[in-house]
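File shown here: my_file.tsv, holding TSV, C-alpha atoms.
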chain	number	residue	atom	x	y	z
P	196	MET	CA	44.20	10.16	-46.93
P	197	SER	CA	47.29	10.01	-44.80
P	198	LEU	CA	47.00	9.33	-41.12
P	199	GLY	CA	48.69	11.87	-38.89
P	200	ARG	CA	50.71	10.70	-35.94
P	201	ARG	CA	49.18	11.05	-32.55
P	202	PHE	CA	51.47	12.06	-29.71
P	203	LEU	CA	50.72	11.58	-26.01
P	204	GLN	CA	52.09	14.55	-24.06
P	205	THR	CA	53.26	13.72	-20.53
P	206	SER	CA	54.82	15.80	-17.75
P	207	VAL	CA	57.94	14.48	-16.07
P	208	VAL	CA	58.51	15.27	-12.37
P	209	SER	CA	62.08	14.95	-11.15
P	210	ALA	CA	62.55	12.93	-7.99
P	211	ALA	CA	63.76	14.86	-4.97
P	212	ALA	CA	67.50	14.62	-4.38
P	213	PRO	CA	69.66	14.63	-1.23
P	214	PHE	CA	70.42	18.14	-0.01
P	215	SER	CA	72.70	19.98	2.38
P	216	ALA	CA	71.48	21.44	5.66
P	217	HIS	CA	72.83	23.28	8.68
P	218	TYR	CA	71.60	22.96	12.25
P	219	LEU	CA	71.60	24.55	15.67
P	220	VAL	CA	70.75	22.30	18.63
P	221	VAL	CA	70.54	23.93	22.08
P	222	GLY	CA	69.73	21.98	25.25
P	223	ALA	CA	67.73	23.38	28.16
P	224	GLY	CA	69.25	25.48	30.94
P	225	GLY	CA	69.67	24.23	34.49
P	226	GLY	CA	67.67	25.50	37.45
P	227	SER	CA	69.44	27.76	39.93
P	228	GLY	CA	70.14	26.99	43.56
P	229	SER	CA	70.12	29.13	46.64
P	230	TYR	CA	72.73	31.71	45.52
P	231	GLY	CA	74.28	29.76	42.58
P	232	GLY	CA	73.09	30.44	39.02
P	233	GLY	CA	72.06	27.64	36.66
P	234	GLY	CA	74.31	26.55	33.80
P	235	ALA	CA	73.29	27.04	30.17
P	236	GLY	CA	72.14	24.22	27.94
P	237	GLY	CA	74.51	22.66	25.44
P	238	TYR	CA	75.19	24.51	22.18
P	239	GLN	CA	76.07	22.64	18.97
P	240	SER	CA	75.92	24.02	15.43
P	241	ASN	CA	77.51	23.39	12.03
P	242	PHE	CA	76.47	26.77	10.62
P	243	GLY	CA	79.46	28.30	8.90
P	244	SER	CA	81.15	24.92	8.55
P	245	THR	CA	80.51	21.55	6.87
P	246	ALA	CA	76.84	20.85	6.17
P	247	ILE	CA	75.11	17.53	6.80
P	248	THR	CA	73.25	15.68	4.04
P	249	LEU	CA	69.53	15.01	4.45
P	250	ASN	CA	67.62	12.60	2.24
P	251	PRO	CA	64.14	12.50	0.68
P	252	SER	CA	61.39	10.56	2.47
P	253	THR	CA	63.50	10.26	5.64
P	254	THR	CA	62.02	11.44	8.93
P	255	TYR	CA	64.23	13.55	11.18
P	256	THR	CA	63.01	13.78	14.76
P	257	ILE	CA	63.43	16.91	16.85
P	258	THR	CA	63.25	16.72	20.65
P	259	ILE	CA	63.21	19.96	22.65
P	260	GLY	CA	64.46	19.78	26.23
P	261	GLY	CA	62.54	21.38	29.10
P	262	GLY	CA	64.25	23.75	31.52
P	263	GLY	CA	65.51	22.46	34.85
P	264	ILE	CA	63.08	23.20	37.65
P	265	THR	CA	64.15	24.59	40.97
P	266	SER	CA	63.09	24.15	44.57
P	267	PRO	CA	60.02	26.25	45.43
P	268	ASN	CA	61.61	27.26	48.74
P	269	GLY	CA	65.31	27.13	47.97
P	270	SER	CA	65.97	24.37	50.51
P	271	THR	CA	66.81	21.54	48.11
P	272	ALA	CA	68.81	21.07	44.95
P	273	GLY	CA	67.37	22.08	41.61
P	274	ASN	CA	67.45	20.02	38.43
P	275	ASN	CA	69.58	19.92	35.34
P	276	GLY	CA	67.98	20.92	32.07
P	277	ALA	CA	66.86	18.21	29.65
P	278	PRO	CA	68.66	17.49	26.35
P	279	SER	CA	67.58	18.66	22.91
P	280	ILE	CA	68.17	16.16	20.08
P	281	LEU	CA	68.20	16.08	16.29
P	282	SER	CA	68.06	12.45	15.14
P	283	GLY	CA	67.56	10.43	11.96
P	284	SER	CA	68.36	7.01	10.56
P	285	ASP	CA	71.00	8.36	8.17
P	286	ILE	CA	72.75	10.97	10.32
P	287	THR	CA	74.78	10.91	13.51
P	288	ASN	CA	72.40	12.08	16.20
P	289	ILE	CA	73.18	15.52	17.62
P	290	THR	CA	72.46	15.60	21.35
P	291	SER	CA	72.96	18.82	23.30
P	292	ILE	CA	72.68	18.01	26.99
P	293	GLY	CA	71.12	20.24	29.63
P	294	GLY	CA	72.83	22.76	31.89
P	295	GLY	CA	73.80	21.92	35.47
P	296	TYR	CA	71.87	23.21	38.47
P	297	GLY	CA	73.27	25.88	40.77
P	298	GLY	CA	74.74	25.31	44.22
P	299	ASN	CA	72.56	25.57	47.31
P	300	LEU	CA	73.81	27.22	50.49
P	301	ILE	CA	70.94	26.06	52.72
P	302	SER	CA	71.17	22.35	51.99
P	303	GLY	CA	74.92	22.37	51.27
P	304	VAL	CA	74.41	20.84	47.80
P	305	ASN	CA	77.21	21.53	45.36
P	306	ALA	CA	76.53	22.92	41.90
P	307	ASN	CA	76.14	20.18	39.32
P	308	SER	CA	77.99	19.59	36.08
P	309	GLY	CA	76.20	19.72	32.73
P	310	ALA	CA	76.65	21.17	29.26
P	311	SER	CA	77.63	24.26	31.22
P	312	GLY	CA	78.06	23.87	34.97
P	313	GLY	CA	75.97	25.56	37.63
P	314	GLY	CA	77.42	28.34	39.76
P	315	GLY	CA	78.62	27.52	43.26
P	316	ALA	CA	76.88	28.82	46.38
P	317	SER	CA	79.27	29.49	49.25
P	318	ASP	CA	80.65	27.83	52.37
P	319	GLY	CA	80.83	24.08	51.73
P	320	ALA	CA	78.96	24.30	48.43
P	321	GLY	CA	81.21	26.86	46.81
P	322	ALA	CA	82.61	24.94	43.85
P	323	GLY	CA	81.14	25.56	40.41
P	324	GLY	CA	79.94	22.64	38.28
P	325	ALA	CA	82.03	21.39	35.37
P	326	GLY	CA	81.11	22.02	31.74
P	327	THR	CA	81.20	19.62	28.79
P	328	SER	CA	83.79	20.09	26.06
P	329	GLY	CA	82.23	21.23	22.78
P	330	GLN	CA	78.96	22.24	24.45
P	331	GLY	CA	79.62	24.70	27.26
P	332	ASN	CA	81.77	25.90	30.16
P	333	ALA	CA	82.14	25.60	33.92
P	334	GLY	CA	80.20	27.57	36.51
P	335	GLY	CA	81.81	30.21	38.72
P	336	ILE	CA	82.90	29.71	42.31
P	337	GLY	CA	80.77	31.02	45.18
P	338	ALA	CA	82.29	33.16	47.94
P	339	ALA	CA	81.84	33.20	51.69
P	340	GLY	CA	83.16	36.06	53.78
P	341	HIS	CA	80.97	36.14	56.88
P	342	PRO	CA	78.63	37.88	57.18
P	343	ASN	CA	78.56	38.29	53.39
P	344	TYR	CA	77.79	35.59	50.84
P	345	SER	CA	77.62	35.36	47.07
P	346	GLY	CA	76.90	32.73	44.46
P	347	GLY	CA	78.83	32.10	41.26
P	348	GLY	CA	77.28	32.60	37.85
P	349	GLY	CA	76.32	29.57	35.78
P	350	GLY	CA	78.55	28.74	32.86
P	351	GLY	CA	77.55	29.79	29.34
P	352	ALA	CA	78.24	28.40	25.89
P	353	GLY	CA	80.78	31.17	25.25
P	354	ALA	CA	82.55	31.52	28.61
P	355	VAL	CA	82.80	30.28	32.18
P	356	GLY	CA	80.54	31.78	34.80
P	357	ASN	CA	82.02	34.58	36.88
P	358	ALA	CA	82.96	33.93	40.52
P	359	GLY	CA	81.06	35.54	43.36
P	360	SER	CA	82.96	38.15	45.34
P	361	GLY	CA	82.04	39.36	48.80
P	362	SER	CA	78.38	40.37	48.58
P	363	THR	CA	78.29	40.53	44.76
P	364	GLY	CA	76.97	37.55	42.82
P	365	GLY	CA	78.85	36.40	39.75
P	366	ASN	CA	77.50	37.13	36.28
P	367	GLY	CA	76.44	34.21	34.13
P	368	GLY	CA	78.81	33.14	31.38
P	369	VAL	CA	78.07	34.65	27.99
P	370	GLY	CA	76.28	32.66	25.32
P	371	LEU	CA	77.27	32.25	21.69
P	372	GLN	CA	75.95	34.29	18.78
P	373	THR	CA	74.82	32.81	15.48
P	374	SER	CA	73.08	34.11	12.34
P	375	ILE	CA	71.61	30.74	11.34
P	376	THR	CA	68.08	32.18	11.48
P	377	GLY	CA	69.08	35.17	9.36
P	378	THR	CA	69.39	37.43	12.40
P	379	ALA	CA	72.40	37.52	14.72
P	380	THR	CA	71.13	36.05	18.01
P	381	TYR	CA	72.69	34.83	21.25
P	382	PHE	CA	71.83	31.46	22.79
P	383	ALA	CA	72.84	29.55	25.93
P	384	GLY	CA	73.81	32.20	28.48
P	385	GLY	CA	74.38	31.22	32.12
P	386	GLY	CA	72.24	32.39	35.04
P	387	GLY	CA	73.52	35.04	37.48
P	388	GLY	CA	74.38	34.36	41.12
P	389	THR	CA	72.91	36.14	44.16
P	390	GLY	CA	74.80	38.33	46.64
P	391	TYR	CA	74.05	39.03	50.31
P	392	ALA	CA	75.48	41.86	52.43
P	393	TYR	CA	74.26	41.23	55.99
P	394	PRO	CA	71.66	42.38	56.92
P	395	ASN	CA	70.78	43.80	53.49
P	396	PRO	CA	70.48	42.42	49.96
P	397	GLY	CA	73.74	42.39	48.06
P	398	THR	CA	74.34	42.85	44.36
P	399	SER	CA	72.78	40.39	41.92
P	400	GLY	CA	74.71	38.85	39.05
P	401	THR	CA	73.31	39.37	35.57
P	402	GLY	CA	72.40	36.61	33.17
P	403	GLY	CA	74.66	35.92	30.20
P	404	ASN	CA	73.52	37.45	26.88
P	405	ARG	CA	69.75	37.34	26.54
P	406	GLY	CA	69.13	33.77	27.68
P	407	GLY	CA	70.37	33.54	31.28
P	408	GLY	CA	68.24	34.75	34.17
P	409	THR	CA	69.43	37.69	36.30
P	410	ALA	CA	69.50	36.76	39.97
P	411	ASN	CA	66.94	38.18	42.36
P	412	PRO	CA	68.18	40.13	45.39
P	413	TYR	CA	68.43	38.20	48.66
P	414	GLY	CA	65.03	37.79	50.27
P	415	SER	CA	63.05	38.61	47.13
P	416	THR	CA	59.85	36.65	46.58
P	417	ASN	CA	59.86	37.45	42.86
P	418	THR	CA	59.90	34.63	40.34
P	419	ASN	CA	61.28	36.65	37.44
P	420	SER	CA	64.77	35.15	37.44
P	421	ASN	CA	63.94	32.33	35.03
P	422	GLY	CA	66.18	31.65	32.05
P	423	LEU	CA	64.57	32.66	28.78
P	424	ASP	CA	62.70	29.81	27.09
P	425	ASN	CA	63.92	28.53	23.72
P	426	THR	CA	67.39	29.92	24.29
P	427	GLY	CA	68.77	27.34	26.75
P	428	GLY	CA	69.50	30.04	29.36
P	429	GLY	CA	70.31	29.05	32.95
P	430	GLY	CA	68.09	30.19	35.81
P	431	GLY	CA	69.11	33.12	38.02
P	432	GLY	CA	69.78	32.53	41.71
P	433	ASN	CA	68.06	33.79	44.83
P	434	GLY	CA	69.02	33.83	48.47
P	435	ALA	CA	67.83	31.82	51.47
P	436	ALA	CA	64.45	30.07	51.42
P	437	TYR	CA	62.90	31.81	48.46
P	438	SER	CA	62.04	30.70	44.96
P	439	ASN	CA	64.92	30.52	42.50
P	440	GLY	CA	65.02	30.66	38.71
P	441	LYS	CA	63.97	27.88	36.37
P	442	GLY	CA	66.12	27.07	33.33
P	443	GLY	CA	64.98	28.10	29.86
P	444	SER	CA	63.86	25.41	27.41
P	445	GLY	CA	65.95	24.46	24.37
P	446	VAL	CA	65.56	25.03	20.64
P	447	VAL	CA	66.47	23.35	17.35
P	448	VAL	CA	66.95	25.20	14.04
P	449	LEU	CA	67.29	23.63	10.56
P	450	ARG	CA	68.46	25.66	7.54
P	451	MET	CA	68.18	24.39	3.95
P	452	PRO	CA	67.52	25.56	0.37
P	453	ASP	CA	63.96	26.67	-0.41
P	454	ALA	CA	63.78	24.07	-3.20
P	455	ALA	CA	64.58	21.26	-0.77
P	456	TYR	CA	61.90	22.37	1.67
P	457	ASN	CA	59.31	22.87	-1.09
P	458	SER	CA	59.79	19.29	-2.32
P	459	SER	CA	59.93	17.79	1.18
P	460	GLY	CA	57.30	15.81	3.02
P	461	GLY	CA	56.67	18.67	5.44
P	462	THR	CA	56.85	18.99	9.21
P	463	THR	CA	55.11	18.09	12.45
P	464	GLY	CA	55.20	19.99	15.71
P	465	ASN	CA	54.32	23.37	14.20
P	466	PRO	CA	57.78	24.91	13.76
P	467	THR	CA	58.16	28.49	12.59
P	468	VAL	CA	58.90	28.38	8.83
P	469	ASN	CA	60.73	31.32	7.25
P	470	GLN	CA	61.41	31.14	3.50
P	471	ASN	CA	63.72	33.10	1.21
P	472	VAL	CA	65.66	34.24	4.28
P	473	GLY	CA	67.83	37.22	3.40
P	474	GLY	CA	66.60	37.00	-0.18
P	475	ALA	CA	68.96	34.06	-0.64
P	476	GLY	CA	66.51	31.22	-1.37
P	477	ILE	CA	66.95	29.69	2.07
P	478	THR	CA	64.32	28.16	4.37
P	479	VAL	CA	64.78	28.21	8.12
P	480	LEU	CA	62.74	25.97	10.44
P	481	ILE	CA	62.69	26.97	14.13
P	482	TYR	CA	61.45	24.28	16.52
P	483	ASN	CA	60.40	25.65	19.92
P	484	GLY	CA	58.64	22.36	20.64
P	485	SER	CA	59.28	18.77	19.68
P	486	GLY	CA	58.32	17.61	16.18
P	487	SER	CA	59.81	16.28	12.97
P	488	PHE	CA	60.92	17.14	9.45
P	489	ILE	CA	60.31	14.73	6.56
P	490	GLY	CA	62.91	15.07	3.81
Encoded form (structure tokens):
Amino acid sequence: MSLGRRFLQTSVVSAAAPFSAHYLVVGAGGGSGSYGGGGAGGYQSNFGSTAITLNPSTTYTITIGGGGITSPNGSTAGNNGAPSILSGSDITNITSIGGGYGGNLISGVNANSGASGGGGASDGAGAGGAGTSGQGNAGGIGAAGHPNYSGGGGGGAGAVGNAGSGSTGGNGGVGLQTSITGTATYFAGGGGGTGYAYPNPGTSGTGGNRGGGTANPYGSTNTNSNGLDNTGGGGGGNGAAYSNGKGGSGVVVLRMPDAAYNSSGGTTGNPTVNQNVGGAGITVLIYNGSGSFIG
């Protein structure tokens, strides 16, 4: 009797390999001042250009910046937005700084610089804040023409903020549009400036594309001039001793092949996960809060 050979059948699992990824990193918008709009958060993306390489078993940390707060009574300076960061041991960290706060007529505080600068107020605080090359643009100048006043719009990722004119506040600078999520969307618009036509409210500046807050009329007690969260929009201005607009928080987006995500170590921080985006075998991770991705 011949002895048959006995074969042991095994399954072979291929180790995960390095893969290409694209990112969008948007910092938080700055708070507005009395009249001046807040600047937008920094905008950095490699979508549509050279991808970065991510590696298996490597942790990539995502930090989402909070929007710059503003004075509750308009009598002091606001705050710049906080940075958003994508970092890892094998990549150059991508840090998008926050937007600058808007100028304040009451306290005479100039608009601050940032990724995009805040809009100026008027009188001695009329200058707009400077922007940062590669991340944003300058804020608009405020105008004083007694008895009328107007604040400049905060700078946006796509353009400088508009100057105030007479009793008309400047519009916030436009943001930039990207389709990294699969849908064309604007991010990082500047906040609008407030106008005042004595003794009546003037004309409010609008926020830049989706993210920036539209200024409230002079004397308004509304608090609806905030920049939109998770867009990096700057806060909209208000006049005199009333509440101004808070900056919108930042966002980080990662885009990679479905196969790379499926073989990865997963995420923390509960990002939104969209797979097979556009039917193209692409996964998009949208981080509205801090977390991580493990390659």
task: Have a look at CA of Phe242 (chain P) and CA of Tyr381 (chain P) and let me know their distance in Å, one decimal.
output: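 Distance reported for this atom pair: 13.9 Å.
Near His217 (chain P), within 10 Å and counting all atoms listed in the file, sit Ser240, Asn241, Phe242, Gly243, Ser244, Thr245, Ala246, Ile247, Thr248, Leu249, Ile375, Val448, Leu449, Arg450, Met451 and Val479 of chain P, not including residues fewer than 3 positions from it in the same chain.
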task: Quick one: pull the distance between CA of Gly276 (chain P) and CA of Gly361 (chain P), Å, one decimal.
output: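 Interatomic distance, CA of Gly276 (chain P) to CA of Gly361 (chain P): 28.6 Å.
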- request: Give me, please, the distance in Å between CA of Ser420 (chain P) and CA of Gly232 (chain P), quoted to one decimal.
  value: 9.7 Å
- request: Excluding region 311-317 of chain P and any residue of its chain fewer than 5 positions from it, enumerate the residues within 6 Å of it, using only C-alpha atoms, and give them as a VMD selection string.
  value: chain P and resid 230 to 235 294 to 300 306 322 to 326 331 to 339 346 to 351
What are the nearest atom pairs, with distances in Å to one decimal, for all residues of region 416-481 of chain P that come at most 12 Å from region 390-395 of chain P, using only C-alpha atoms, set out by chain and rising residue number as a Markdown table?
| residue | atom | partner | partner_atom | distance |
| --- | --- | --- | --- | --- |
| P:Gly431 | CA | P:Gly390 | CA | 11.6 |
| P:Gly432 | CA | P:Gly390 | CA | 9.1 |
| P:Asn433 | CA | P:Gly390 | CA | 8.3 |
| P:Gly434 | CA | P:Tyr391 | CA | 7.5 |
| P:Ala435 | CA | P:Tyr391 | CA | 9.6 |
message: Between P:Gly428, P:Gly353, P:Gly490, P:Pro342, which residue has the minimum interatomic distance to Gly263 (chain P), considering all atoms listed in the file?
response: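 That would be P:Gly428, the residue with the smallest distance to Gly263 (chain P).
Among the candidates P:Gly388, P:Gly237, P:Gly329, P:Gly407, the one nearest to Ser279 (chain P) when counting only C-alpha atoms is P:Gly237.
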Where atoms are lacking, region 471-482 of chain P completed to all heavy atoms, as a tab-separated table (two decimals), keeping the file's coordinate frame:
chain	number	residue	atom	x	y	z
P	471	ASN	N	62.95	32.08	1.91
P	471	ASN	CA	63.72	33.10	1.21
P	471	ASN	C	64.40	34.05	2.20
P	471	ASN	O	64.37	35.28	2.05
P	471	ASN	CB	62.84	33.88	0.24
P	471	ASN	CG	63.66	34.64	-0.79
P	471	ASN	OD1	64.76	34.24	-1.16
P	471	ASN	ND2	63.12	35.76	-1.26
P	472	VAL	N	65.01	33.46	3.23
P	472	VAL	CA	65.66	34.24	4.28
P	472	VAL	C	66.81	35.05	3.67
P	472	VAL	O	67.66	34.52	2.96
P	472	VAL	CB	66.18	33.31	5.39
P	472	VAL	CG1	67.04	34.08	6.38
P	472	VAL	CG2	65.02	32.64	6.10
P	473	GLY	N	66.80	36.33	3.93
P	473	GLY	CA	67.83	37.22	3.40
P	473	GLY	C	67.81	37.34	1.90
P	473	GLY	O	68.80	37.77	1.29
P	474	GLY	N	66.69	36.96	1.27
P	474	GLY	CA	66.60	37.00	-0.18
P	474	GLY	C	67.52	36.03	-0.87
P	474	GLY	O	67.84	36.17	-2.05
P	475	ALA	N	67.94	34.97	-0.12
P	475	ALA	CA	68.96	34.06	-0.64
P	475	ALA	C	68.42	32.67	-0.97
P	475	ALA	O	69.19	31.74	-1.17
P	475	ALA	CB	70.09	33.92	0.38
P	476	GLY	N	67.08	32.52	-1.03
P	476	GLY	CA	66.51	31.22	-1.37
P	476	GLY	C	66.75	30.16	-0.31
P	476	GLY	O	66.97	28.99	-0.63
P	477	ILE	N	66.68	30.58	0.94
P	477	ILE	CA	66.95	29.69	2.07
P	477	ILE	C	65.71	29.60	2.95
P	477	ILE	O	65.06	30.61	3.24
P	477	ILE	CB	68.14	30.21	2.91
P	477	ILE	CG1	69.43	30.17	2.10
P	477	ILE	CG2	68.29	29.43	4.21
P	477	ILE	CD1	69.90	28.78	1.74
P	478	THR	N	65.40	28.37	3.40
P	478	THR	CA	64.32	28.16	4.37
P	478	THR	C	64.92	27.84	5.73
P	478	THR	O	65.86	27.05	5.84
P	478	THR	CB	63.41	27.00	3.94
P	478	THR	OG1	62.69	27.38	2.76
P	478	THR	CG2	62.39	26.65	5.03
P	479	VAL	N	64.36	28.46	6.75
P	479	VAL	CA	64.78	28.21	8.12
P	479	VAL	C	63.58	27.69	8.92
P	479	VAL	O	62.52	28.32	8.92
P	479	VAL	CB	65.34	29.48	8.79
P	479	VAL	CG1	65.60	29.26	10.27
P	479	VAL	CG2	66.63	29.92	8.08
P	480	LEU	N	63.76	26.55	9.57
P	480	LEU	CA	62.74	25.97	10.44
P	480	LEU	C	63.20	26.13	11.88
P	480	LEU	O	64.31	25.71	12.24
P	480	LEU	CB	62.55	24.48	10.15
P	480	LEU	CG	62.28	24.07	8.69
P	480	LEU	CD1	62.17	22.55	8.58
P	480	LEU	CD2	61.04	24.75	8.15
P	481	ILE	N	62.35	26.75	12.71
P	481	ILE	CA	62.69	26.97	14.13
P	481	ILE	C	61.72	26.16	14.98
P	481	ILE	O	60.52	26.42	15.00
P	481	ILE	CB	62.60	28.46	14.50
P	481	ILE	CG1	63.52	29.27	13.58
P	481	ILE	CG2	62.97	28.67	15.97
P	481	ILE	CD1	63.36	30.78	13.76
P	482	TYR	N	62.26	25.16	15.68
P	482	TYR	CA	61.45	24.28	16.52
P	482	TYR	C	61.57	24.73	17.99
P	482	TYR	O	62.60	24.54	18.63
P	482	TYR	CB	61.93	22.84	16.41
P	482	TYR	CG	61.57	22.17	15.10
P	482	TYR	CD1	62.38	22.34	13.98
P	482	TYR	CD2	60.43	21.37	14.98
P	482	TYR	CE1	62.06	21.72	12.77
P	482	TYR	CE2	60.12	20.77	13.78
P	482	TYR	CZ	60.92	20.94	12.68
P	482	TYR	OH	60.61	20.33	11.49
